[in-house]
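See below for protein13.cif, which holds mmCIF, C-alpha atoms.
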data_target
loop_
_atom_site.label_atom_id
_atom_site.label_comp_id
_atom_site.auth_asym_id
_atom_site.auth_seq_id
_atom_site.Cartn_x
_atom_site.Cartn_y
_atom_site.Cartn_z
CA MET B 1 -205.82 -111.09 187.45
CA HIS B 2 -204.78 -109.08 184.53
CA LYS B 3 -208.13 -109.64 182.89
CA ARG B 4 -209.96 -108.53 186.01
CA SER B 5 -207.99 -105.31 186.27
CA LEU B 6 -208.67 -104.59 182.59
CA LYS B 7 -212.37 -105.31 183.13
CA GLY B 8 -212.41 -103.14 186.22
CA ASN B 9 -210.64 -100.35 184.34
CA LEU B 10 -213.07 -100.72 181.45
CA GLN B 11 -216.08 -100.59 183.79
CA ARG B 12 -214.61 -97.58 185.61
CA SER B 13 -213.98 -95.79 182.32
CA LYS B 14 -217.56 -96.58 181.20
CA ARG B 15 -218.88 -95.17 184.45
CA SER B 16 -216.65 -92.14 184.13
CA LEU B 17 -217.90 -91.63 180.57
CA LYS B 18 -221.51 -91.78 181.76
CA THR B 19 -220.81 -89.34 184.54
CA THR B 20 -218.91 -87.17 182.08
CA LYS B 21 -221.89 -87.06 179.78
CA VAL B 22 -224.25 -86.26 182.62
CA HIS B 23 -222.11 -83.89 184.63
CA GLU B 24 -219.36 -83.04 182.18
CA ASP B 25 -218.63 -79.56 183.46
CA GLU B 26 -218.55 -80.58 187.10
CA VAL B 27 -216.38 -83.61 186.46
CA ILE B 28 -213.89 -81.61 184.43
CA LYS B 29 -213.64 -79.03 187.17
CA LEU B 30 -213.22 -81.67 189.89
CA ASN B 31 -210.79 -83.86 188.04
CA THR B 32 -208.73 -81.10 186.48
CA LEU B 33 -205.75 -81.54 188.74
CA LYS B 34 -205.87 -85.34 188.54
CA THR B 35 -206.15 -85.17 184.76
CA ARG B 36 -203.30 -82.71 184.44
CA ARG B 37 -201.05 -84.83 186.59
CA LEU B 38 -201.98 -88.00 184.75
CA VAL B 39 -201.54 -86.51 181.30
CA ARG B 40 -198.30 -84.77 182.28
CA SER B 41 -196.91 -87.94 183.66
CA ILE B 42 -197.88 -89.86 180.54
CA LEU B 43 -197.00 -87.37 177.86
CA LYS B 44 -194.77 -85.09 179.87
CA VAL B 45 -196.36 -82.12 178.10
CA PRO B 46 -197.58 -79.09 180.04
CA PHE B 47 -201.27 -78.24 179.74
CA ILE B 48 -203.18 -74.97 179.90
CA MET B 49 -206.73 -74.44 181.16
CA ARG B 50 -208.89 -72.36 178.89
CA ASN B 51 -212.65 -72.03 179.27
CA ASP B 52 -212.59 -74.96 181.71
CA LEU B 53 -211.00 -77.19 179.06
CA LEU B 54 -207.51 -78.60 178.96
CA PHE B 55 -205.25 -77.82 176.02
CA PRO B 56 -201.70 -78.95 175.60
CA LYS B 57 -199.29 -76.05 175.90
CA ARG B 58 -197.90 -76.87 172.49
CA MET B 59 -201.39 -76.59 171.06
CA GLU B 60 -201.76 -73.22 172.75
CA GLU B 61 -198.40 -72.17 171.34
CA SER B 62 -199.39 -73.38 167.89
CA ARG B 63 -202.63 -71.42 168.24
CA ARG B 64 -200.60 -68.34 169.19
CA ASN B 65 -198.26 -69.04 166.31
CA LYS B 66 -201.23 -69.23 163.95
CA GLU B 67 -202.55 -65.95 165.33
CA LEU B 68 -199.14 -64.37 164.90
CA LYS B 69 -198.84 -65.80 161.41
CA ASN B 70 -202.26 -64.39 160.56
CA LYS B 71 -201.26 -61.01 161.95
CA ILE B 72 -197.99 -61.17 160.03
CA ASP B 73 -199.86 -62.09 156.85
CA ILE B 74 -202.21 -59.16 157.38
CA LEU B 75 -199.26 -56.85 157.99
CA LEU B 76 -197.45 -58.17 154.91
CA ASN B 77 -200.59 -57.66 152.85
CA ASP B 78 -200.93 -54.11 154.19
CA ASN B 79 -197.23 -53.57 153.52
CA SER B 80 -197.57 -54.68 149.89
CA LYS B 81 -200.58 -52.37 149.46
CA LEU B 82 -198.58 -49.50 150.95
CA ILE B 83 -195.64 -50.29 148.69
CA CYS B 84 -197.93 -50.17 145.65
CA LYS B 85 -199.48 -46.94 146.84
CA ASN B 86 -196.03 -45.50 147.50
CA LYS B 87 -194.94 -46.48 143.99
CA THR B 88 -197.94 -44.79 142.39
CA LEU B 89 -197.39 -41.71 144.55
CA LEU B 90 -193.73 -41.58 143.53
CA GLU B 91 -194.73 -41.86 139.87
CA SER B 92 -197.26 -39.06 140.26
CA LEU B 93 -194.58 -37.03 142.07
CA GLU B 94 -192.24 -37.44 139.10
CA VAL B 95 -195.01 -36.35 136.74
CA LEU B 96 -195.70 -33.33 138.94
CA LYS B 97 -192.00 -32.44 139.01
CA LYS B 98 -191.86 -32.54 135.21
CA GLU B 99 -195.00 -30.41 135.01
CA LYS B 100 -193.43 -27.96 137.47
CA GLU B 101 -190.27 -27.71 135.36
CA PHE B 102 -192.36 -27.16 132.25
CA SER B 103 -194.45 -24.56 134.07
CA ASN B 104 -191.28 -22.81 135.28
CA LEU B 105 -189.97 -22.68 131.71
CA GLU B 106 -193.28 -21.31 130.49
CA PHE B 107 -193.26 -18.79 133.33
CA GLN B 108 -189.74 -17.64 132.38
CA LYS B 109 -190.83 -17.27 128.75
CA LEU B 110 -193.81 -15.21 129.85
CA ILE B 111 -191.60 -13.01 132.01
CA LEU B 112 -189.29 -12.34 129.05
CA GLU B 113 -192.25 -11.66 126.79
CA ASN B 114 -193.67 -9.30 129.41
CA LYS B 115 -190.34 -7.43 129.60
CA ASN B 116 -190.24 -7.12 125.82
CA LEU B 117 -193.80 -5.83 125.73
CA PHE B 118 -193.04 -3.36 128.51
CA GLU B 119 -190.03 -2.06 126.57
CA LYS B 120 -192.20 -1.73 123.45
CA VAL B 121 -194.80 0.18 125.44
CA LEU B 122 -192.10 2.54 126.75
CA SER B 123 -190.74 3.09 123.23
CA LEU B 124 -194.28 3.67 121.97
CA GLU B 125 -194.85 6.24 124.72
CA GLU B 126 -191.65 8.01 123.65
CA CYS B 127 -192.83 7.86 120.04
CA MET B 128 -196.20 9.30 121.10
CA GLU B 129 -194.41 12.20 122.83
CA ASP B 130 -192.36 12.79 119.66
CA TYR B 131 -195.52 12.52 117.57
CA ASN B 132 -197.32 15.07 119.77
CA ASP B 133 -194.30 17.43 119.54
CA LEU B 134 -194.21 17.02 115.76
CA LYS B 135 -197.95 17.58 115.52
CA LYS B 136 -197.59 20.81 117.51
CA ASN B 137 -194.71 21.89 115.27
CA VAL B 138 -196.78 21.13 112.17
CA SER B 139 -199.68 23.19 113.49
CA ASP B 140 -197.26 26.05 114.31
CA LEU B 141 -195.72 25.81 110.87
CA THR B 142 -199.14 25.73 109.28
CA ILE B 143 -200.00 28.97 111.05
CA CYS B 144 -196.66 30.49 109.90
CA ILE B 145 -197.26 29.38 106.32
CA GLU B 146 -200.76 30.82 106.38
CA LYS B 147 -199.38 34.13 107.66
CA PHE B 148 -196.65 34.03 105.00
CA THR B 149 -199.17 33.42 102.22
CA LYS B 150 -201.36 36.29 103.48
CA GLU B 151 -198.34 38.56 103.61
CA LYS B 152 -197.35 37.46 100.11
CA GLU B 153 -200.80 38.34 98.86
CA ILE B 154 -200.61 41.71 100.60
CA PHE B 155 -197.13 42.28 99.12
CA GLU B 156 -198.37 41.44 95.65
CA GLU B 157 -201.26 43.84 96.07
CA LEU B 158 -198.80 46.56 97.07
CA LEU B 159 -196.64 45.79 94.10
CA GLY B 160 -199.67 45.74 91.84
CA SER B 161 -200.77 49.13 93.04
CA GLN B 162 -197.37 50.62 92.27
CA ARG B 163 -197.38 49.73 88.62
CA SER B 164 -197.35 52.63 86.37
CA ALA B 165 -199.45 53.26 83.47
CA PHE B 166 -196.52 52.99 81.16
CA GLY B 167 -196.14 49.26 81.91
CA LYS B 168 -193.11 49.56 84.05
CA LYS B 169 -192.83 47.27 86.94
CA GLY B 170 -191.04 47.64 90.18
CA ILE B 171 -190.35 50.40 92.56
CA GLY B 172 -188.31 52.99 91.17
#

Rendering of file as structure tokens:
Amino acid sequence: MHKRSLKGNLQRSKRSLKTTKVHEDEVIKLNTLKTRRLVRSILKVPFIMRNDLLFPKRMEESRRNKELKNKIDILLNDNSKLICKNKTLLESLEVLKKEKEFSNLEFQKLILENKNLFEKVLSLEECMEDYNDLKKNVSDLTICIEKFTKEKEIFEELLGSQRSAFGKKGIG
């Protein structure tokens, strides 16, 4: 009897395989509940239907885990790229800060130099005013000296005209 039941089961499974090959989609849809119950009772593992196919829930969870792991790997990769980018940006920031400090020092030097030049310009303007005053004084003095020399010549002519024939000089 045991052999007959095995043979019967074997023939039934062969028939079910043939029908599965011929009408696979229809058989899966019709026998879904029976298959779920049978597999659950045997393995005691919950199953999930996806695209009209049965997958163990653990397999689905492992698939989700793989998807999550892939997403995590992508995020970690992106994170490492961002960390590298952040590091290079921080380095460039430090370089820019040093350049700013150097520029500020140069700017302060230029401000001091500008103040010194401005003071020199002011002192030169004062010197130019003094120079112009002195030039005016020189021209005035030149005119006075010219008048004095003319008057001296006139005085000498007067003195020369008063000389006597006896060779005496002077007035009197």

Coordinates-based distance that separates CA of Phe155 in chain B from CA of Ser139 in chain B (Å, one decimal):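 CA of Phe155 in chain B lies 24.0 Å from CA of Ser139 in chain B.
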
d(CA of Glu106 in chain B, CA of Leu124 in chain B) in Å: 26.4 Å

Atomic distance CA of Leu93 in chain B - CA of Phe107 in chain B, expressed in Å with one decimal: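 Answer for the CA of Leu93 in chain B to CA of Phe107 in chain B separation: 20.3 Å.
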